[in-house]
Structure formats: structure tokens, C-alpha cells
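Engineer: Next comes target_29.txt, compact mmCIF, C-alpha atoms and all ligand atoms:
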```
# COMPACT_ATOMS: atom_id res chain seq x y z
CA MET S 262 36.69 -25.33 -81.74
CA SER S 263 37.91 -23.04 -78.95
CA SER S 264 39.08 -19.52 -79.80
CA THR S 265 42.65 -20.64 -78.96
CA ASP S 266 42.43 -23.29 -81.67
CA LYS S 267 41.43 -20.61 -84.15
CA LYS S 268 44.61 -18.61 -83.56
CA VAL S 269 47.44 -19.18 -85.96
CA ASP S 270 50.92 -18.58 -84.75
CA ASN S 271 53.35 -18.17 -87.60
CA GLN S 272 56.78 -16.75 -86.78
CA ASN S 273 55.24 -15.31 -83.59
CA ILE S 274 52.59 -13.35 -85.49
CA GLU S 275 49.31 -14.14 -83.84
CA VAL S 276 46.07 -13.59 -85.71
CA ASP S 277 42.65 -14.17 -84.19
CA LEU S 278 40.79 -15.76 -87.08
CA ASP S 279 37.46 -14.81 -85.46
CA HIS S 280 38.24 -11.10 -85.87
CA VAL S 281 39.92 -10.75 -89.21
CA PRO S 282 39.02 -7.35 -90.76
CA SER S 283 36.33 -7.84 -93.41
CA HIS S 284 37.66 -5.13 -95.73
CA ILE S 285 41.37 -4.35 -96.05
CA ALA S 286 42.42 -1.48 -98.33
CA ILE S 287 46.04 -1.00 -99.30
CA ILE S 288 47.95 1.93 -100.79
CA MET S 289 50.74 -0.05 -102.47
CA ASP S 290 53.61 2.41 -102.19
CA GLY S 291 57.37 2.08 -102.62
CA ASN S 292 57.74 0.19 -105.89
CA GLY S 293 60.07 2.88 -107.25
CA ARG S 294 62.23 2.97 -104.11
CA TRP S 295 62.42 -0.82 -104.04
CA ALA S 296 63.80 -0.76 -107.59
CA GLN S 297 66.12 2.20 -106.93
CA LYS S 298 67.70 0.37 -104.00
CA ARG S 299 68.58 -2.44 -106.40
CA HIS S 300 69.78 -0.11 -109.18
CA LEU S 301 66.89 -1.31 -111.33
CA PRO S 302 64.51 0.79 -113.44
CA ARG S 303 61.35 1.92 -111.58
CA VAL S 304 59.17 -0.40 -113.68
CA ALA S 305 61.01 -3.41 -112.23
CA GLY S 306 59.47 -2.37 -108.91
CA HIS S 307 56.01 -2.30 -110.45
CA LYS S 308 56.58 -5.77 -111.91
CA GLN S 309 57.63 -7.14 -108.54
CA GLY S 310 54.70 -5.24 -107.01
CA MET S 311 52.37 -7.15 -109.31
CA ASN S 312 53.80 -10.44 -108.01
CA THR S 313 53.16 -9.21 -104.46
CA VAL S 314 49.53 -8.61 -105.45
CA LYS S 315 49.28 -12.31 -106.31
CA THR S 316 50.80 -13.41 -102.98
CA ILE S 317 48.68 -11.06 -100.89
CA THR S 318 45.46 -11.90 -102.72
CA LYS S 319 45.93 -15.57 -101.86
CA ALA S 320 47.01 -14.80 -98.26
CA ALA S 321 44.06 -12.46 -97.62
CA SER S 322 41.61 -14.92 -99.11
CA ASP S 323 43.06 -17.76 -96.97
CA LEU S 324 42.66 -15.62 -93.83
CA GLY S 325 38.97 -15.01 -94.56
CA VAL S 326 39.13 -11.36 -95.68
CA LYS S 327 35.92 -10.46 -97.56
CA VAL S 328 37.17 -7.50 -99.60
CA LEU S 329 40.75 -6.59 -100.53
CA THR S 330 40.94 -3.17 -102.17
CA LEU S 331 44.23 -2.28 -103.87
CA TYR S 332 45.09 1.23 -105.08
CA ALA S 333 46.77 0.37 -108.38
CA PHE S 334 46.53 3.67 -110.30
CA SER S 335 45.16 7.04 -109.27
CA THR S 336 43.54 9.74 -111.37
CA GLU S 337 46.70 11.76 -110.56
CA ASN S 338 49.17 9.04 -111.67
CA TRP S 339 48.77 10.15 -115.34
CA LYS S 340 51.30 12.89 -114.44
CA ARG S 341 54.09 10.25 -114.38
CA PRO S 342 56.42 9.74 -117.37
CA LYS S 343 54.54 8.26 -120.32
CA ALA S 344 56.70 5.11 -120.43
CA GLU S 345 55.96 4.36 -116.76
CA VAL S 346 52.22 4.94 -117.24
CA ASN S 347 52.24 2.66 -120.30
CA TYR S 348 54.03 -0.03 -118.31
CA ILE S 349 51.56 0.15 -115.40
CA MET S 350 48.65 0.00 -117.87
CA LYS S 351 50.01 -3.30 -119.24
CA LEU S 352 50.24 -4.88 -115.78
CA PRO S 353 46.54 -5.78 -115.48
CA VAL S 354 46.82 -7.55 -118.86
CA SER S 355 49.75 -9.65 -117.69
CA PHE S 356 48.27 -10.13 -114.20
CA PHE S 357 44.89 -11.42 -115.38
CA ASN S 358 46.39 -13.46 -118.26
CA THR S 359 48.39 -15.49 -115.77
CA PHE S 360 46.35 -15.31 -112.58
CA VAL S 361 42.64 -15.73 -113.42
CA PRO S 362 42.76 -19.56 -113.07
CA ASP S 363 44.21 -19.14 -109.56
CA LEU S 364 41.57 -16.54 -108.71
CA ILE S 365 38.83 -18.94 -109.78
CA LYS S 366 40.49 -21.82 -107.88
CA ASN S 367 40.46 -19.62 -104.76
CA ASN S 368 36.86 -18.48 -105.41
CA VAL S 369 38.00 -14.83 -105.68
CA ARG S 370 35.83 -12.38 -107.62
CA VAL S 371 37.41 -9.41 -109.39
CA ASN S 372 35.89 -5.95 -109.11
CA VAL S 373 37.32 -2.75 -110.51
CA MET S 374 36.43 0.77 -109.43
CA GLY S 375 37.57 3.89 -111.22
CA TYR S 376 37.11 5.66 -114.53
CA ILE S 377 37.69 2.48 -116.55
CA GLU S 378 36.45 4.02 -119.80
CA GLU S 379 39.54 6.32 -119.82
CA LEU S 380 42.00 3.36 -119.73
CA PRO S 381 43.73 2.05 -122.88
CA GLU S 382 41.53 -0.38 -124.76
CA GLY S 383 43.71 -3.43 -124.01
CA THR S 384 43.62 -2.69 -120.28
CA GLN S 385 39.83 -2.26 -120.34
CA LYS S 386 39.47 -5.54 -122.21
CA ALA S 387 41.64 -7.46 -119.70
CA VAL S 388 39.80 -5.98 -116.74
CA ASN S 389 36.32 -6.62 -118.15
CA GLN S 390 37.28 -10.18 -119.12
CA ALA S 391 38.55 -10.88 -115.58
CA ILE S 392 35.33 -9.48 -114.09
CA GLU S 393 33.32 -11.73 -116.41
CA ASP S 394 35.50 -14.82 -115.81
CA THR S 395 35.23 -14.56 -112.02
CA LYS S 396 31.63 -13.33 -111.75
CA ASP S 397 30.39 -16.58 -110.19
CA CYS S 398 33.06 -16.68 -107.47
CA THR S 399 31.53 -16.22 -104.03
CA GLY S 400 34.62 -15.79 -101.85
CA MET S 401 36.81 -12.72 -101.39
CA VAL S 402 36.34 -9.73 -103.68
CA LEU S 403 39.62 -8.46 -105.13
CA ASN S 404 38.77 -4.84 -105.75
CA PHE S 405 41.24 -2.87 -107.87
CA ALA S 406 41.14 0.93 -107.74
CA LEU S 407 42.27 1.74 -111.26
CA ASN S 408 42.19 5.33 -112.51
CA TYR S 409 40.47 6.04 -109.20
CA GLY S 410 40.47 9.27 -107.22
CA SER S 411 38.29 9.95 -104.22
CA GLN S 412 37.62 13.62 -104.98
CA ALA S 413 36.54 12.72 -108.52
CA GLU S 414 34.39 9.90 -107.13
CA ILE S 415 32.66 12.24 -104.65
CA THR S 416 32.19 14.87 -107.38
CA THR S 417 30.54 12.26 -109.62
CA ALA S 418 28.30 11.21 -106.72
CA VAL S 419 27.27 14.81 -105.98
CA LYS S 420 26.45 15.39 -109.67
CA SER S 421 24.33 12.24 -109.71
CA ILE S 422 22.46 13.26 -106.54
CA ALA S 423 21.94 16.78 -107.90
CA ASN S 424 20.47 15.25 -111.05
CA GLN S 425 18.11 13.07 -109.01
CA VAL S 426 16.92 16.24 -107.23
CA LYS S 427 16.59 18.10 -110.55
CA MET S 428 14.49 15.27 -111.98
CA GLY S 429 12.18 15.48 -108.97
CA ASN S 430 13.11 11.98 -107.74
CA LEU S 431 14.71 13.21 -104.52
CA GLU S 432 14.12 16.11 -102.13
CA PRO S 433 17.25 17.93 -100.86
CA GLU S 434 16.07 17.21 -97.27
CA GLU S 435 16.13 13.49 -98.05
CA VAL S 436 19.89 13.50 -98.75
CA THR S 437 21.67 11.61 -95.94
CA PRO S 438 25.15 10.10 -95.53
CA ASP S 439 23.62 6.86 -96.86
CA THR S 440 22.57 8.70 -100.05
CA ILE S 441 26.21 9.70 -100.56
CA SER S 442 27.49 6.15 -99.85
CA GLU S 443 24.97 4.70 -102.28
CA ASN S 444 26.35 6.92 -105.06
CA LEU S 445 30.01 6.04 -104.52
CA MET S 446 31.96 3.43 -106.49
CA THR S 447 32.21 1.21 -103.40
CA HIS S 448 28.43 0.78 -103.17
CA SER S 449 28.53 -2.61 -104.90
CA LEU S 450 30.76 -3.92 -102.06
CA ALA S 451 27.98 -3.48 -99.48
CA PRO S 452 27.82 -4.43 -96.64
CA PHE S 453 31.63 -4.15 -96.68
CA GLU S 454 31.98 -0.87 -98.59
CA ASN S 455 34.03 0.85 -95.86
CA PRO S 456 37.52 -0.52 -95.10
CA ASP S 457 38.07 -1.75 -91.55
CA VAL S 458 41.74 -1.09 -92.01
CA LEU S 459 43.67 1.09 -94.42
CA VAL S 460 47.31 0.16 -94.93
CA ARG S 461 49.98 2.27 -96.59
CA THR S 462 53.36 0.74 -97.27
CA SER S 463 56.80 2.31 -97.57
CA GLY S 464 56.72 4.68 -94.60
CA GLU S 465 54.56 7.43 -96.12
CA GLU S 466 51.64 8.60 -94.00
CA ARG S 467 49.18 10.19 -96.43
CA LEU S 468 45.81 9.22 -97.90
CA SER S 469 46.65 10.41 -101.44
CA ASN S 470 43.03 10.88 -102.48
CA PHE S 471 42.07 7.29 -101.62
CA LEU S 472 38.60 6.44 -100.25
CA LEU S 473 38.31 9.73 -98.33
CA TRP S 474 34.64 9.22 -97.44
CA GLN S 475 34.91 5.50 -96.79
CA VAL S 476 37.84 5.63 -94.32
CA ALA S 477 35.95 7.84 -91.81
CA TYR S 478 36.27 5.11 -89.14
CA SER S 479 38.97 2.88 -90.62
CA GLU S 480 42.02 1.98 -88.57
CA LEU S 481 45.11 3.39 -90.27
CA VAL S 482 48.22 1.21 -90.33
CA PHE S 483 51.48 2.49 -91.82
CA VAL S 484 54.30 0.03 -92.44
CA GLN S 485 57.90 0.73 -93.49
CA THR S 486 58.02 -2.21 -95.94
CA HIS S 487 58.12 -1.32 -99.64
CA TRP S 488 55.18 -2.96 -101.43
CA PRO S 489 57.34 -5.45 -103.42
CA ASP S 490 58.70 -6.75 -100.07
CA PHE S 491 55.25 -7.06 -98.44
CA THR S 492 54.61 -10.71 -97.55
CA ALA S 493 51.86 -12.87 -96.07
CA ASP S 494 53.59 -12.35 -92.70
CA THR S 495 53.48 -8.54 -93.14
CA LEU S 496 49.75 -8.91 -93.76
CA LYS S 497 49.42 -10.91 -90.55
CA GLU S 498 51.35 -8.20 -88.68
CA VAL S 499 48.90 -5.61 -90.01
CA ILE S 500 45.95 -7.72 -88.89
CA HIS S 501 47.60 -8.25 -85.50
CA THR S 502 47.99 -4.45 -85.15
CA PHE S 503 44.34 -3.96 -86.16
CA GLN S 504 43.24 -6.51 -83.59
CA GLY S 505 45.07 -4.55 -80.87
CA ARG S 506 43.10 -1.39 -81.64
CA GLN S 507 39.88 -0.46 -79.87
CA ARG S 508 37.27 0.74 -82.35
CA ARG S 509 34.63 3.03 -80.90
CA PHE S 510 33.04 4.62 -84.00
CA GLY S 511 32.60 7.85 -82.03
CA GLY S 512 30.96 6.06 -79.09
CA LEU S 513 32.42 5.03 -75.77
CA LYS S 514 32.86 1.31 -75.96
CA GLU S 515 34.05 -1.20 -78.49
CA THR S 516 31.33 -2.20 -80.90
CA ASN S 517 33.00 -4.89 -83.03
C1 LIG P 601 53.30 3.32 -106.04
O1 LIG P 601 54.68 3.16 -105.87
C2 LIG P 601 52.79 2.30 -106.95
C3 LIG P 601 52.04 2.54 -108.06
C4 LIG P 601 51.58 3.88 -108.49
C5 LIG P 601 51.65 1.44 -108.95
C6 LIG P 601 51.10 0.27 -108.20
C7 LIG P 601 50.89 -0.86 -109.09
C8 LIG P 601 51.19 -2.13 -108.75
C9 LIG P 601 51.74 -2.54 -107.46
C10 LIG P 601 50.92 -3.20 -109.69
C11 LIG P 601 49.43 -3.38 -109.78
C12 LIG P 601 49.08 -4.63 -110.36
C13 LIG P 601 47.94 -4.82 -111.04
C14 LIG P 601 47.58 -6.18 -111.37
C15 LIG P 601 47.04 -3.74 -111.48
P1 LIG P 601 55.65 4.31 -106.38
O2 LIG P 601 55.98 4.05 -107.80
O3 LIG P 601 55.01 5.65 -106.14
O4 LIG P 601 56.89 4.10 -105.45
P2 LIG P 601 57.90 5.23 -104.95
O5 LIG P 601 57.11 6.15 -104.05
O6 LIG P 601 58.93 4.44 -104.22
O7 LIG P 601 58.42 5.92 -106.15
```
Take the structure I supplied and represent it as C-alpha cells, if you would.
Ligand code: FPP
Structural biologist:
Amino acid sequence: MSSTDKKVDNQNIEVDLDHVPSHIAIIMDGNGRWAQKRHLPRVAGHKQGMNTVKTITKAASDLGVKVLTLYAFSTENWKRPKAEVNYIMKLPVSFFNTFVPDLIKNNVRVNVMGYIEELPEGTQKAVNQAIEDTKDCTGMVLNFALNYGSQAEITTAVKSIANQVKMGNLEPEEVTPDTISENLMTHSLAPFENPDVLVRTSGEERLSNFLLWQVAYSELVFVQTHWPDFTADTLKEVIHTFQGRQRRFGGLKETN
């Protein structure tokens, strides 16, 4: 097959299937604004956002993405009104109840990173069941960041490294960037622990405590689309933008 054959051209969005980013991370923003625009309660935006997760999981998997990381709930999101937090906490239950058969059909494995033990029991149960049900899937990893915060993650990693030093299992001089990476929640995603591209929807251009260590060399793509309106074509546009970037990783010429 020539490289031209491997290009798909859908509504003029061209994606080179030979260079699809292995790890795409998304800050799913704009659910509230999507709902507000329609004079709906904010939670209607989260519900629609959950449906978008289904569409984009399938689209990313079909395009050959290896890891799709979605920022579903941050360690700071507990500050939201209790009713909204409760609603978001029920979404994984509803999502996995209806979508696990599709995930298995598409060979998608579920992973969750974050302080899961602090989630309501029902949410923990749904998440752990989905991880168990999809554990033999060998295709894309759908990685939810749930009760995740990068500063907390790095703090936990530093504590763990400090303990290894205290126990005499590690010398301070032996601590390298790899030691830090190995102690982060993304370690199990290796060799794809660092996103190739980080997307934020809804026009905001902030990292909001998401994967601060791991995005050191990620391409950042900001789109205006609110998350509930994000489609398979928006994903292709993001990939197209990524493919137009030259990645140098601090060097002088493209290395990917
Ligand atoms: C940010 O939009 C969105 C969230 C904090 C929640 C994201 C959750 C989902 C999309 C559903 C996740 C689904 C599963 C299966 C876990 P916002 O509310 O901050 O939007 P706004 O900035 O417009 O107010």
C-alpha cells in the first residue's frame, strides 16, 4: 500500500494514518457552556459530554491511537456544587454499564489513574469492574483521569522516591528523570506514557494541573469546540494539526 492509499480524506480533513499520534490526551472542557447556550442545566452538558466520550473512543481506536487519556475529574473539581459533583460521579457507572460491550468489541482496555480510593463506592465499583472486564483487550487503552491532579501525583511520586532512599534501596545520586516517570501514575502506559498531543476544548488555553511532567514535549492543540460538540472530524482536524507540526524534542531536526 502506498502512503497515498493510507490517507483518508473525509470532508477535506486529511490524516496520514502512518503518523497518527500514539497518545492523545484531552482536557474535555465546555460542558457547562454547551448546556448554558441551550438553556439547559450544566449537568445536561456533562451527560452529552459522556456521549462524546463514546464517539471519540471509537474514532480514536479506529484511527490506530494507542492511548486516549481523558481528564474526567480533577482533584480540584470537588470544589464544585455538591449536586454537580454527585452527577459527574454517577457518569462512570452509566458509561460503563452501557458501553463495556462496545469497548470489548473494539478491543479497548480501560485504565484509570487518580486517587480512586477517594471516589464514592459505586463509582469505584464501576471503574474496577470495567478494568477487570476489559483486561484482556490488546488494542487502544482508554485511560480516564479521575480524581487526578498532576501536583498531587508528583508529590506522591516524590514521597515514594524519598521512602526508597530512606529504606536504603536508592541513592539520591541515582534519581534521574526516569526515576520520576517510573513513579508517576502514567508509568503503566509505557512506552506511551507521555502524550504526543494534548488537546483542550472550548477555547481555554490552560493546563489545569493535568500531566504537567508528561507534557514536557507534547504538542498543544486548543480548539474552540465545546466538548459535547467534539466529533470524529474534530479529532481528525486535531491529528491533521499535529501532523503539520515539527517536533524537535530540544534538538535541531525532526525525530519522529
Ligand atoms: C469540564 O467542563 C468538564 C468536566 C469537569 C467533567 C467532564 C466529564 C465528562 C465529559 C464526562 C466523563 C465521562 C465519563 C465516562 C467519566 P466544564 O463543566 O468546566 O465546562 P464549562 O467550563 O463550560 O463550565
Engineer: Counting all atoms listed in the file, which residue out of S:His300, S:Arg370, S:His307, S:Arg467 sits closest to S:Asn347?
Structural biologist: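 Residue with the minimum atom-to-atom distance to S:Asn347: S:His307.
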Engineer: Point out the residue among S:Val314, S:Ile392, S:Val460, S:Ala418 with the least atom-to-atom distance to S:Ser442, counting all atoms listed in the file.
Structural biologist: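 Ranking S:Val314, S:Ile392, S:Val460, S:Ala418 by distance to S:Ser442, first place goes to S:Ala418.
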Engineer: Rank nothing, just name the residue among S:Ala333, S:Val361, S:Met401, S:Val476 nearest to S:Leu450, using only C-alpha atoms.
Structural biologist: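 When distances to S:Leu450 are compared using only C-alpha atoms, the smallest one comes from S:Met401.
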Engineer: Which one of S:Ile377, S:Val388, S:Ala493, S:Val458 sits closest to ligand LIG 601 (chain P) if you count all atoms listed in the file?
Structural biologist: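 Looking at the shortest contact to ligand LIG 601 (chain P), the residue is S:Val388.
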Engineer: Please report as JSON lines every residue of chain S lying within 10 Å of ligand LIG 601 (chain P), along with the nearest atom pair and their distance in Å (one decimal), using all atoms listed in the file.
Structural biologist:
```
{"residue": "S:Ile288", "atom": "CA", "partner": "P:LIG601", "partner_atom": "C1", "distance": 7.6}
{"residue": "S:Met289", "atom": "CA", "partner": "P:LIG601", "partner_atom": "C2", "distance": 5.5}
{"residue": "S:Asp290", "atom": "CA", "partner": "P:LIG601", "partner_atom": "O1", "distance": 3.9}
{"residue": "S:Gly291", "atom": "CA", "partner": "P:LIG601", "partner_atom": "O6", "distance": 3.3}
{"residue": "S:Asn292", "atom": "CA", "partner": "P:LIG601", "partner_atom": "O4", "distance": 4.0}
{"residue": "S:Gly293", "atom": "CA", "partner": "P:LIG601", "partner_atom": "O6", "distance": 3.6}
{"residue": "S:Arg294", "atom": "CA", "partner": "P:LIG601", "partner_atom": "O6", "distance": 3.6}
{"residue": "S:Trp295", "atom": "CA", "partner": "P:LIG601", "partner_atom": "O6", "distance": 6.3}
{"residue": "S:Ala296", "atom": "CA", "partner": "P:LIG601", "partner_atom": "O6", "distance": 7.9}
{"residue": "S:Gln297", "atom": "CA", "partner": "P:LIG601", "partner_atom": "O6", "distance": 8.0}
{"residue": "S:Lys298", "atom": "CA", "partner": "P:LIG601", "partner_atom": "O6", "distance": 9.7}
{"residue": "S:Arg303", "atom": "CA", "partner": "P:LIG601", "partner_atom": "O2", "distance": 6.9}
{"residue": "S:Val304", "atom": "CA", "partner": "P:LIG601", "partner_atom": "O2", "distance": 8.0}
{"residue": "S:Gly306", "atom": "CA", "partner": "P:LIG601", "partner_atom": "O2", "distance": 7.4}
{"residue": "S:His307", "atom": "CA", "partner": "P:LIG601", "partner_atom": "C8", "distance": 5.1}
{"residue": "S:Lys308", "atom": "CA", "partner": "P:LIG601", "partner_atom": "C10", "distance": 6.6}
{"residue": "S:Gln309", "atom": "CA", "partner": "P:LIG601", "partner_atom": "C9", "distance": 7.6}
{"residue": "S:Gly310", "atom": "CA", "partner": "P:LIG601", "partner_atom": "C9", "distance": 4.0}
{"residue": "S:Met311", "atom": "CA", "partner": "P:LIG601", "partner_atom": "C10", "distance": 4.2}
{"residue": "S:Asn312", "atom": "CA", "partner": "P:LIG601", "partner_atom": "C12", "distance": 7.8}
{"residue": "S:Thr313", "atom": "CA", "partner": "P:LIG601", "partner_atom": "C9", "distance": 7.5}
{"residue": "S:Val314", "atom": "CA", "partner": "P:LIG601", "partner_atom": "C12", "distance": 6.3}
{"residue": "S:Lys315", "atom": "CA", "partner": "P:LIG601", "partner_atom": "C14", "distance": 8.1}
{"residue": "S:Leu331", "atom": "CA", "partner": "P:LIG601", "partner_atom": "C11", "distance": 7.9}
{"residue": "S:Tyr332", "atom": "CA", "partner": "P:LIG601", "partner_atom": "C6", "distance": 6.8}
{"residue": "S:Ala333", "atom": "CA", "partner": "P:LIG601", "partner_atom": "C6", "distance": 4.3}
{"residue": "S:Phe334", "atom": "CA", "partner": "P:LIG601", "partner_atom": "C4", "distance": 5.4}
{"residue": "S:Ser335", "atom": "CA", "partner": "P:LIG601", "partner_atom": "C4", "distance": 7.2}
{"residue": "S:Glu337", "atom": "CA", "partner": "P:LIG601", "partner_atom": "C4", "distance": 9.5}
{"residue": "S:Asn338", "atom": "CA", "partner": "P:LIG601", "partner_atom": "C4", "distance": 6.5}
{"residue": "S:Trp339", "atom": "CA", "partner": "P:LIG601", "partner_atom": "C4", "distance": 9.7}
{"residue": "S:Arg341", "atom": "CA", "partner": "P:LIG601", "partner_atom": "C4", "distance": 9.0}
{"residue": "S:Glu345", "atom": "CA", "partner": "P:LIG601", "partner_atom": "O2", "distance": 9.0}
{"residue": "S:Val346", "atom": "CA", "partner": "P:LIG601", "partner_atom": "C4", "distance": 8.8}
{"residue": "S:Tyr348", "atom": "CA", "partner": "P:LIG601", "partner_atom": "C10", "distance": 9.7}
{"residue": "S:Ile349", "atom": "CA", "partner": "P:LIG601", "partner_atom": "C7", "distance": 6.4}
{"residue": "S:Met350", "atom": "CA", "partner": "P:LIG601", "partner_atom": "C15", "distance": 7.6}
{"residue": "S:Lys351", "atom": "CA", "partner": "P:LIG601", "partner_atom": "C15", "distance": 8.3}
{"residue": "S:Leu352", "atom": "CA", "partner": "P:LIG601", "partner_atom": "C13", "distance": 5.3}
{"residue": "S:Pro353", "atom": "CA", "partner": "P:LIG601", "partner_atom": "C14", "distance": 4.3}
{"residue": "S:Val354", "atom": "CA", "partner": "P:LIG601", "partner_atom": "C14", "distance": 7.7}
{"residue": "S:Ser355", "atom": "CA", "partner": "P:LIG601", "partner_atom": "C14", "distance": 7.5}
{"residue": "S:Phe356", "atom": "CA", "partner": "P:LIG601", "partner_atom": "C14", "distance": 4.9}
{"residue": "S:Phe357", "atom": "CA", "partner": "P:LIG601", "partner_atom": "C14", "distance": 7.1}
{"residue": "S:Phe360", "atom": "CA", "partner": "P:LIG601", "partner_atom": "C14", "distance": 9.3}
{"residue": "S:Val373", "atom": "CA", "partner": "P:LIG601", "partner_atom": "C15", "distance": 9.8}
{"residue": "S:Thr384", "atom": "CA", "partner": "P:LIG601", "partner_atom": "C15", "distance": 9.5}
{"residue": "S:Val388", "atom": "CA", "partner": "P:LIG601", "partner_atom": "C15", "distance": 9.2}
{"residue": "S:Phe405", "atom": "CA", "partner": "P:LIG601", "partner_atom": "C15", "distance": 6.9}
{"residue": "S:Ala406", "atom": "CA", "partner": "P:LIG601", "partner_atom": "C15", "distance": 8.4}
{"residue": "S:Leu407", "atom": "CA", "partner": "P:LIG601", "partner_atom": "C15", "distance": 7.3}
{"residue": "S:Thr462", "atom": "CA", "partner": "P:LIG601", "partner_atom": "O1", "distance": 9.0}
{"residue": "S:Ser463", "atom": "CA", "partner": "P:LIG601", "partner_atom": "O6", "distance": 7.3}
{"residue": "S:Gly464", "atom": "CA", "partner": "P:LIG601", "partner_atom": "O5", "distance": 9.6}
{"residue": "S:Glu465", "atom": "CA", "partner": "P:LIG601", "partner_atom": "O5", "distance": 8.4}
{"residue": "S:His487", "atom": "CA", "partner": "P:LIG601", "partner_atom": "O6", "distance": 7.4}
{"residue": "S:Trp488", "atom": "CA", "partner": "P:LIG601", "partner_atom": "C9", "distance": 7.0}
{"residue": "S:Pro489", "atom": "CA", "partner": "P:LIG601", "partner_atom": "C9", "distance": 7.5}
```
Engineer: For S:Val281, which residue out of S:Gly505, S:Gly400, S:Pro438, S:Gly375 is the nearest one, using all atoms listed in the file?
Structural biologist: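 Of all the options, S:Gly505 lies closest to S:Val281.
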Engineer: Counting all atoms listed in the file, figure out which residue out of S:Asn367, S:Asn455, S:Asn424, S:Thr330 gets nearest to S:Ile287.
Structural biologist: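 Checking each of S:Asn367, S:Asn455, S:Asn424, S:Thr330 against S:Ile287, counting all atoms listed in the file, the winner is S:Thr330.
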Engineer: Can you measure atom CA of S:Val326 to atom CA of S:Ser283 for me? One decimal in Å is fine.
Structural biologist: 5.0 Å
Engineer: Which neighbours of S:Val482 fall inside 10 Å, counting all atoms listed in the file, when residues of the same chain fewer than 2 positions from it are skipped, and could you give them as a PDB file with C-alpha atoms, in the coordinates of the input?
Structural biologist:
```pdb
ATOM      1  CA  ILE S 287      46.040  -1.000 -99.300  1.00  0.00           C
ATOM      2  CA  VAL S 458      41.740  -1.090 -92.010  1.00  0.00           C
ATOM      3  CA  LEU S 459      43.670   1.090 -94.420  1.00  0.00           C
ATOM      4  CA  VAL S 460      47.310   0.160 -94.930  1.00  0.00           C
ATOM      5  CA  ARG S 461      49.980   2.270 -96.590  1.00  0.00           C
ATOM      6  CA  THR S 462      53.360   0.740 -97.270  1.00  0.00           C
ATOM      7  CA  GLU S 466      51.640   8.600 -94.000  1.00  0.00           C
ATOM      8  CA  SER S 479      38.970   2.880 -90.620  1.00  0.00           C
ATOM      9  CA  GLU S 480      42.020   1.980 -88.570  1.00  0.00           C
ATOM     10  CA  VAL S 484      54.300   0.030 -92.440  1.00  0.00           C
ATOM     11  CA  VAL S 499      48.900  -5.610 -90.010  1.00  0.00           C
ATOM     12  CA  ILE S 500      45.950  -7.720 -88.890  1.00  0.00           C
ATOM     13  CA  THR S 502      47.990  -4.450 -85.150  1.00  0.00           C
ATOM     14  CA  PHE S 503      44.340  -3.960 -86.160  1.00  0.00           C
TER      15      PHE S 503
END
```
Engineer: Kindly give the distance, in Å, that separates atom CA of S:Thr316 and atom CA of S:Phe453, rounded to a single decimal.
Structural biologist: 22.2 Å
